[in-house]
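Student: After the structure tokens below, expect a handful of questions from me.
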2 protein chains.
Amino acid sequence: MRGFSTEEFKKRTNRAQHLMQRHDLSALLLTTEPELRYFSGYLTRFWESPTRPWFLVIPASGKPIAVIPSIGAALMAQTWLDDIRTWSAPDLSDDGVSLLSDTLREITPDGARIGCPDGHETHLRMPLGDFAIVKSNLGKRRIVGDCGILRDLRMVKSDAEIQKIETACQIAGRAFARVPQIASVGTPLDQVFRRFQMLCLEEGADWVPYLAGAADAQGYDDVISPASERPLETGDVLMLDTGLVWDGYFCDFDRNWTVGAASPTVRDAHAALVDASDAAFELARPGVTAAELFEAMNSVLKRGGKGTEAGRLGHGLGMSLTEWPSLIPSDQTILQPGMVLTLEPGIEVGGKILVHEEDIVITQNSARYMSPRADPEIPEL
Amino acid sequence: MRGFSTEEFKKRTNRAQHLMQRHDLSALLLTTEPELRYFSGYLTRFWESPTRPWFLVIPASGKPIAVIPSIGAALMAQTWLDDIRTWSAPDLSDDGVSLLSDTLREITPDGARIGCPDGHETHLRMPLGDFAIVKSNLGKRRIVGDCGILRDLRMVKSDAEIQKIETACQIAGRAFARVPQIASVGTPLDQVFRRFQMLCLEEGADWVPYLAGAADAQGYDDVISPASERPLETGDVLMLDTGLVWDGYFCDFDRNWTVGAASPTVRDAHAALVDASDAAFELARPGVTAAELFEAMNSVLKRGGKGTEAGRLGHGLGMSLTEWPSLIPSDQTILQPGMVLTLEPGIEVGGKILVHEEDIVITQNSARYMSPRADPEIPEL
């Protein structure tokens, strides 16, 4: 099923309002795509245009209020929201600033605290100059941080959200299984990238916001570069890592192949990566911390003295390609049922790296693979 | 050719530094993808991950300084930059904040003004909380707006940039020409969307960040909704509007088709849209304003009493899907050679709308179509 029940949006809003009360916040001011969509269901690729700001205001009680460019009115009217305030954007002299200020003044008492996400992995999607004017329009009201409310809510997924991520994972799984059809000795890497995105679409992706990858002899140097025109050669390790979207939710996992037979080094490295993600998977359950999943993977990788300096070994996943928490030694986030995570160990082999990634969901007592777990034996093209 | 010559990045940086001097700015602080890429050439899809902040600092003289997560070091080292400062991100207690603060203190005198884009179509891509800490770390230095420097620079494209946009336009033109292969009576609209993205990739797009469209009887209601599963029916008007990317540069134009023979109303409306964009095209040359292009289109549309409330009738185009200026009555931006614009008239017919879009570049004395100009006669599927 596409979309969500109105009941789900009500629950999300009620939870937010409960936390707002606890943190003495009279409203939330939201400006980014996943923040607006989380509470409204407003789904469009139009966010690719950076021109117009969009605002959602969560009052202390009642439904969220949309303060948006008029071009979005028809689509927003299809959501569960009733109060949709629009202006004709872009307006070079007042691009929603007065309308937003008036709305915030109307629904909060003087002296109120208005929460706006300000923590790790957040940003404010509106011009800084306009934000300063909004703040100066609010009298004694103050815009403060959101006390992590958005993070806390979005980090735990509902069953309906999990199903969407699982659908995205299945689509990617089918596309990865077809890679031997599009890549072999002599195929330029940029062609592999184009054809793999086509496979993702053919298998059911709505769109493919993210594809990274690499191919080089016995491993690769870097996992975020654009594809070169270099043809695949025997002895290469090819890696493709995709974040495709189904109904607004991402998967994020990768697969490796060797071009021709794998060397013993590459074979062992790949098996160690799958061992590492399995170790984290076996440990993953409510009550365990993000840091403990990191340690579980890192200890497998260090066994061969082969860990990388990747920074982190996995992360949250959902409406964004990457979300809280981070699988790093300092992230003490306690896992809860409904959290969706990637397990993303990396390994160094002879100056090159190999990375591997799976997606899992935390269940009542353990975890479940959402991506079709890779075989320890690296497949051959 | 992919990428740009080092000479081009030097010119961009020199121009910025010249404007910084004029506006008494000792440095620029940049945080978004196009801003960083404009001065460095740093191109990666990794920005899809909102986790990590990335910074580029333009000093009063000399090359830009990258202050970035270590995961980007290898790729950034391939650019013309020498000074690349990294930290292991994500770092929950200090995510580049100290490194950025130190860098800004090192390269600017106390009391300096540091420019950060704060105007229309900009935002700050870092957590607000961290931004406040950076500001408090700077002593008597102040972060102020960028006085429109980024806007002024990016709005006028170099020949090399124009070639990339033109390549993107040609790819989309070939994909649009093949739409009859993928869409006919009975094809669900979401399938048309998937297959059209595949055509874009097959014709050479690196990726397809944007696709909008609609199909409904004798016109459509909305141009930003996701595709439904509704099959195309005889009498529908199908519209597809794509922003595909080649080497980091967008095209942005659309095409319309009728399913079966066009009604006289739809035929006339489509011809009027092409008339409108032609009227703006004929007028477009250095010295004319964005507002005058709006008026040229609007007067054609109003002739039949059929203008829409679209807000604007076109916009700039380049590293982002939409850029300054806006073709609206209040935008007095004077056109210059090298500006790339979309002409995007819309028309109302019997409660439905039709939109049309072309891409043009302003030349020394006139303008040139970059998209293959549509025929006034709406094509039939």
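All residue names refer to the structure tokens as shown: chains lettered A, B, ... in order, residues numbered from 1 in each chain, ligands numbered from 1 in order.
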Any idea which chain A residues end up within 7 Å of chain B if we count only C-alpha atoms, as a ChimeraX atom specification please?
Tutor: /A:44-46,48-52,71,74-75,88-90,118-129,194,198,201,206,209-210,222,224-226,310-311,321-323
Student: How about saving the chosen residues, C-alpha atoms kept, as a short mmCIF file (atom, residue, chain, number, x, y, z; two decimals), in the first residue's frame?
Tutor:
data_model
loop_
_atom_site.label_atom_id
_atom_site.label_comp_id
_atom_site.auth_asym_id
_atom_site.auth_seq_id
_atom_site.Cartn_x
_atom_site.Cartn_y
_atom_site.Cartn_z
CA THR A 44 6.97 15.16 -4.26
CA ARG A 45 10.28 15.34 -6.12
CA PHE A 46 9.77 19.09 -6.38
CA GLU A 48 14.95 19.14 -5.99
CA SER A 49 14.31 22.81 -6.74
CA PRO A 50 16.08 24.90 -4.07
CA THR A 51 14.14 28.06 -4.94
CA ARG A 52 11.17 27.95 -2.61
CA ILE A 71 2.29 25.71 -6.32
CA ALA A 74 -3.31 21.15 -4.66
CA LEU A 75 -1.04 18.30 -3.61
CA SER A 88 2.77 33.07 -4.40
CA ALA A 89 6.44 32.07 -4.40
CA PRO A 90 9.04 33.13 -5.27
CA ASP A 118 19.27 22.17 15.38
CA GLY A 119 21.16 18.98 16.21
CA HIS A 120 23.33 16.46 14.41
CA GLU A 121 22.18 15.54 10.85
CA THR A 122 19.75 18.49 10.65
CA HIS A 123 19.75 21.80 8.85
CA LEU A 124 17.43 24.73 8.31
CA ARG A 125 16.11 24.84 4.75
CA MET A 126 15.37 28.53 4.34
CA PRO A 127 17.54 31.57 3.72
CA LEU A 128 19.45 32.65 6.84
CA GLY A 129 18.45 36.24 6.15
CA ARG A 194 23.73 3.71 -16.00
CA MET A 198 17.91 1.14 -15.27
CA LEU A 201 13.79 1.20 -12.22
CA ASP A 206 10.26 4.96 -8.12
CA PRO A 209 18.59 9.10 -5.73
CA TYR A 210 21.84 7.41 -4.83
CA ASP A 222 37.30 5.25 -2.71
CA ILE A 224 32.07 8.09 -3.27
CA SER A 225 33.64 9.06 -6.62
CA PRO A 226 31.56 9.30 -9.79
CA ALA A 310 35.83 4.59 7.64
CA GLY A 311 34.55 6.66 10.55
CA LEU A 321 19.54 7.61 2.83
CA THR A 322 21.30 8.00 6.17
CA GLU A 323 19.78 8.79 9.54
#
Student: Run DSSP on the backbone and tell me which residues of segment 144-241 of chain A come out as strand (DSSP E); list them as a ChimeraX atom specification.
Tutor: /A:144-145,207-217,236-241
Student: Could those residues be written to a file, using C-alpha atoms, as a PDB file, in the first residue's frame?
Tutor:
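Heads up, here's the output in selection-v2.pdb:
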ATOM      1  CA  VAL A 144      15.203  27.190  20.236  1.00  0.00           C
ATOM      2  CA  GLY A 145      16.296  23.653  19.368  1.00  0.00           C
ATOM      3  CA  TRP A 207      13.575   6.726  -8.523  1.00  0.00           C
ATOM      4  CA  VAL A 208      17.269   6.187  -7.779  1.00  0.00           C
ATOM      5  CA  PRO A 209      18.586   9.100  -5.727  1.00  0.00           C
ATOM      6  CA  TYR A 210      21.842   7.411  -4.829  1.00  0.00           C
ATOM      7  CA  LEU A 211      24.309   5.170  -6.574  1.00  0.00           C
ATOM      8  CA  ALA A 212      27.936   4.918  -5.625  1.00  0.00           C
ATOM      9  CA  GLY A 213      30.458   2.292  -6.472  1.00  0.00           C
ATOM     10  CA  ALA A 214      33.914   1.537  -7.716  1.00  0.00           C
ATOM     11  CA  ALA A 215      35.938  -1.015  -9.620  1.00  0.00           C
ATOM     12  CA  ASP A 216      39.649  -1.561  -9.471  1.00  0.00           C
ATOM     13  CA  ALA A 217      42.239  -4.308  -9.294  1.00  0.00           C
ATOM     14  CA  ASP A 236      38.815  -6.100 -10.645  1.00  0.00           C
ATOM     15  CA  VAL A 237      36.530  -5.992  -7.673  1.00  0.00           C
ATOM     16  CA  LEU A 238      33.305  -4.204  -8.639  1.00  0.00           C
ATOM     17  CA  MET A 239      31.171  -2.663  -5.888  1.00  0.00           C
ATOM     18  CA  LEU A 240      27.752  -1.044  -6.346  1.00  0.00           C
ATOM     19  CA  ASP A 241      25.961   0.677  -3.446  1.00  0.00           C
TER      20      ASP A 241
END
Student: Which residues, written as a ChimeraX atom specification, have at least one atom at most 7 Å from segment 356-373 of chain A, with only C-alpha atoms counted and residues fewer than 6 positions away on the same chain left out?
Tutor: /A:166,169-170,173,252-255,273,281,284-286,336-346
Student: Restrict the selected residues to C-alpha atoms and save them as a PDB file, in the first residue's frame.
Tutor:
ATOM      1  CA  GLU A 166      11.567  -3.717   2.903  1.00  0.00           C
ATOM      2  CA  CYS A 169      15.324  -3.605  -0.300  1.00  0.00           C
ATOM      3  CA  GLN A 170      13.587  -6.301  -2.344  1.00  0.00           C
ATOM      4  CA  GLY A 173      17.984  -7.210  -4.283  1.00  0.00           C
ATOM      5  CA  ASP A 252      20.874   1.388   1.320  1.00  0.00           C
ATOM      6  CA  PHE A 253      23.078  -1.616   0.738  1.00  0.00           C
ATOM      7  CA  ASP A 254      25.832  -2.750  -1.585  1.00  0.00           C
ATOM      8  CA  ARG A 255      27.190  -5.821  -3.336  1.00  0.00           C
ATOM      9  CA  LEU A 273      33.070  -8.569   5.826  1.00  0.00           C
ATOM     10  CA  PHE A 281      23.310  -8.933  13.281  1.00  0.00           C
ATOM     11  CA  ALA A 284      21.368  -6.721  17.404  1.00  0.00           C
ATOM     12  CA  ARG A 285      18.292  -6.576  19.654  1.00  0.00           C
ATOM     13  CA  PRO A 286      16.484  -4.074  21.879  1.00  0.00           C
ATOM     14  CA  GLN A 336      14.534  -0.282  20.111  1.00  0.00           C
ATOM     15  CA  PRO A 337      12.106  -2.413  18.114  1.00  0.00           C
ATOM     16  CA  GLY A 338      11.411  -0.674  14.811  1.00  0.00           C
ATOM     17  CA  MET A 339      14.848   0.833  14.315  1.00  0.00           C
ATOM     18  CA  VAL A 340      16.207   0.219  10.827  1.00  0.00           C
ATOM     19  CA  LEU A 341      19.976   0.106  10.467  1.00  0.00           C
ATOM     20  CA  THR A 342      22.637  -0.548   7.912  1.00  0.00           C
ATOM     21  CA  LEU A 343      25.610  -2.729   8.856  1.00  0.00           C
ATOM     22  CA  GLU A 344      28.515  -1.435   6.773  1.00  0.00           C
ATOM     23  CA  PRO A 345      31.884  -2.965   7.603  1.00  0.00           C
ATOM     24  CA  GLY A 346      34.968  -2.039   5.598  1.00  0.00           C
TER      25      GLY A 346
END
Student: Which residues are close to segment 26-40 of chain B, i.e. within 8 Å by only C-alpha atoms, leaving aside same-chain residues fewer than 6 positions away? Reply as a short mmCIF file (atom, residue, chain, number, x, y, z; two decimals) with C-alpha atoms, in the first residue's frame.
Tutor:
data_model
loop_
_atom_site.label_atom_id
_atom_site.label_comp_id
_atom_site.auth_asym_id
_atom_site.auth_seq_id
_atom_site.Cartn_x
_atom_site.Cartn_y
_atom_site.Cartn_z
CA PHE B 9 38.40 27.34 -11.13
CA ARG B 12 35.90 31.72 -10.48
CA THR B 13 37.95 32.13 -7.32
CA MET B 20 34.80 40.01 -1.57
CA TRP B 47 25.55 14.62 -0.64
CA PRO B 53 28.52 18.73 7.06
CA TRP B 54 31.07 19.86 4.44
CA PHE B 55 32.75 23.25 4.36
CA LEU B 56 34.67 25.30 1.84
CA VAL B 57 36.38 28.51 2.86
CA ILE B 58 37.41 31.09 0.25
CA PRO B 59 40.21 33.22 1.67
CA ALA B 60 40.91 36.81 0.58
CA PRO B 64 39.91 27.68 -1.50
CA THR B 79 40.68 18.55 -7.45
CA TRP B 80 42.92 21.62 -7.86
CA LEU B 81 42.79 22.30 -4.09
CA LEU B 104 38.37 30.85 9.86
CA ILE B 107 42.89 33.12 7.67
CA THR B 108 41.01 36.25 8.78
CA PRO B 109 42.02 39.14 11.03
CA ALA B 112 36.81 40.54 9.96
CA ARG B 113 33.53 40.08 8.12
CA ILE B 114 33.03 36.53 6.85
CA GLY B 115 30.40 36.14 4.13
CA CYS B 116 27.94 33.26 4.11
CA PRO B 117 25.12 33.02 1.54
CA HIS B 123 20.37 27.83 2.87
CA LEU B 124 23.00 26.84 5.40
CA ARG B 125 23.76 23.12 5.27
CA MET B 126 24.97 22.48 8.78
CA ASP B 146 27.65 37.02 1.09
CA LEU B 150 27.48 33.43 -5.19
CA ARG B 154 26.79 31.32 -10.68
CA MET B 319 24.30 23.17 -11.27
CA SER B 320 20.86 23.19 -9.66
#
Student: Quick one: pull the distance between atom CA of Thr103 of chain B and atom CA of Asn14 of chain B, Å, one decimal.
Tutor: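 About the pair atom CA of Thr103 of chain B and atom CA of Asn14 of chain B: they are 20.0 Å apart.
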Student: Rounded to one decimal, what separation in Å do you get between atom CA of Val134 of chain B and atom CA of Ile149 of chain B?
Tutor: 21.8 Å
Student: Between B:Glu233, B:Glu282, B:Glu161, B:Glu295, which one has atoms that come closest to Gly248 of chain B, using only C-alpha atoms?
Tutor: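 Closest candidate: B:Glu161.
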Student: If you run DSSP on the backbone here, which positions in segment 276-375 of chain B get helix (DSSP H, G or I)? Please write them as an NGL selection string.
Tutor: :B and (276-283 or 290-303)
Student: Those same residues - N, CA and C atoms - I'd like them written as a compact mmCIF listing (two decimals), in the first residue's frame.
Tutor:
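Saved to selection-v2.txt:
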# COMPACT_ATOMS: atom_id res chain seq x y z
N ALA B 276 4.11 31.57 -26.76
CA ALA B 276 4.54 32.36 -25.61
C ALA B 276 6.05 32.21 -25.39
N SER B 277 6.53 30.97 -25.42
CA SER B 277 7.98 30.80 -25.20
C SER B 277 8.76 31.40 -26.37
N ASP B 278 8.22 31.31 -27.57
CA ASP B 278 8.88 31.96 -28.71
C ASP B 278 8.95 33.49 -28.51
N ALA B 279 7.88 34.05 -27.98
CA ALA B 279 7.86 35.51 -27.78
C ALA B 279 8.97 35.93 -26.81
N ALA B 280 9.14 35.16 -25.75
CA ALA B 280 10.23 35.47 -24.81
C ALA B 280 11.58 35.23 -25.45
N PHE B 281 11.68 34.15 -26.22
CA PHE B 281 12.94 33.83 -26.89
C PHE B 281 13.35 34.95 -27.85
N GLU B 282 12.39 35.47 -28.61
CA GLU B 282 12.70 36.53 -29.58
C GLU B 282 13.20 37.78 -28.88
N LEU B 283 12.66 38.03 -27.69
CA LEU B 283 13.05 39.23 -26.94
C LEU B 283 14.38 39.05 -26.21
N ALA B 290 14.64 40.02 -16.67
CA ALA B 290 13.85 38.82 -16.41
C ALA B 290 12.36 39.16 -16.42
N ALA B 291 12.02 40.29 -15.84
CA ALA B 291 10.61 40.72 -15.80
C ALA B 291 10.05 40.91 -17.21
N GLU B 292 10.87 41.44 -18.11
CA GLU B 292 10.39 41.64 -19.49
C GLU B 292 10.12 40.31 -20.20
N LEU B 293 10.91 39.29 -19.91
CA LEU B 293 10.62 37.97 -20.49
C LEU B 293 9.28 37.45 -19.95
N PHE B 294 9.06 37.67 -18.65
CA PHE B 294 7.76 37.29 -18.07
C PHE B 294 6.64 37.97 -18.82
N GLU B 295 6.77 39.28 -19.00
CA GLU B 295 5.69 40.05 -19.65
C GLU B 295 5.47 39.59 -21.09
N ALA B 296 6.56 39.26 -21.78
CA ALA B 296 6.44 38.80 -23.17
C ALA B 296 5.59 37.53 -23.24
N MET B 297 5.83 36.62 -22.31
CA MET B 297 5.04 35.38 -22.30
C MET B 297 3.62 35.64 -21.81
N ASN B 298 3.52 36.43 -20.76
CA ASN B 298 2.22 36.66 -20.15
C ASN B 298 1.26 37.36 -21.11
N SER B 299 1.79 38.25 -21.94
CA SER B 299 0.89 38.96 -22.85
C SER B 299 0.34 38.01 -23.91
N VAL B 300 1.13 37.05 -24.35
CA VAL B 300 0.61 36.04 -25.28
C VAL B 300 -0.45 35.18 -24.60
N LEU B 301 -0.18 34.80 -23.35
CA LEU B 301 -1.10 33.92 -22.64
C LEU B 301 -2.41 34.63 -22.32
N LYS B 302 -2.29 35.92 -21.97
CA LYS B 302 -3.49 36.68 -21.59
C LYS B 302 -4.36 36.99 -22.80
N ARG B 303 -3.74 36.97 -24.00
CA ARG B 303 -4.49 37.27 -25.21
C ARG B 303 -5.74 36.39 -25.29
Student: Would you please work out which residue, of A:Thr167, A:Thr86, A:Ser136, A:Thr6, is nearest to Phe250 of chain A when using only C-alpha atoms?
Tutor: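 With only C-alpha atoms as the atom set, the closest residue is A:Thr167.
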Student: Could you name the residues that touch Arg267 of chain B at 9 Å or less, counting only C-alpha atoms, but leaving out those on the same chain fewer than 4 positions away, as a short mmCIF file (atom, residue, chain, number, x, y, z; two decimals) with N, CA and C atoms, in the first residue's frame?
Tutor:
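Writing done, so here's selection-v6.cif:
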data_model
loop_
_atom_site.label_atom_id
_atom_site.label_comp_id
_atom_site.auth_asym_id
_atom_site.auth_seq_id
_atom_site.Cartn_x
_atom_site.Cartn_y
_atom_site.Cartn_z
N ALA B 262 -5.82 15.15 -30.69
CA ALA B 262 -5.99 16.28 -29.79
C ALA B 262 -7.31 16.98 -30.06
N SER B 263 -7.97 17.43 -29.00
CA SER B 263 -9.15 18.28 -29.19
C SER B 263 -8.68 19.64 -29.67
N ALA B 271 -0.33 25.28 -28.86
CA ALA B 271 0.27 26.22 -29.81
C ALA B 271 0.49 27.58 -29.14
N ALA B 272 -0.43 27.98 -28.27
CA ALA B 272 -0.28 29.26 -27.57
C ALA B 272 0.93 29.22 -26.62
N PRO B 376 4.74 23.64 -32.46
CA PRO B 376 3.46 24.12 -31.90
C PRO B 376 2.38 23.05 -31.92
N GLU B 377 2.44 22.17 -32.91
CA GLU B 377 1.45 21.07 -33.02
C GLU B 377 1.76 20.02 -31.95
N ILE B 378 0.82 19.80 -31.03
CA ILE B 378 1.07 18.81 -29.96
C ILE B 378 1.14 17.42 -30.57
#
Student: May I ask for the distance between atom CA of Gln17 of chain B and atom CA of Thr289 of chain B, given in Å to one decimal place?
Tutor: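 That distance, rounded to one decimal, is 26.8 Å.
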Student: Measuring atom to atom with only C-alpha atoms, identify which of B:Ile171, B:Val156, B:Arg151, B:Gly260 is nearest to Gly186 of chain B.
Tutor: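 The shortest atom-to-atom distance to Gly186 of chain B comes from B:Gly260.
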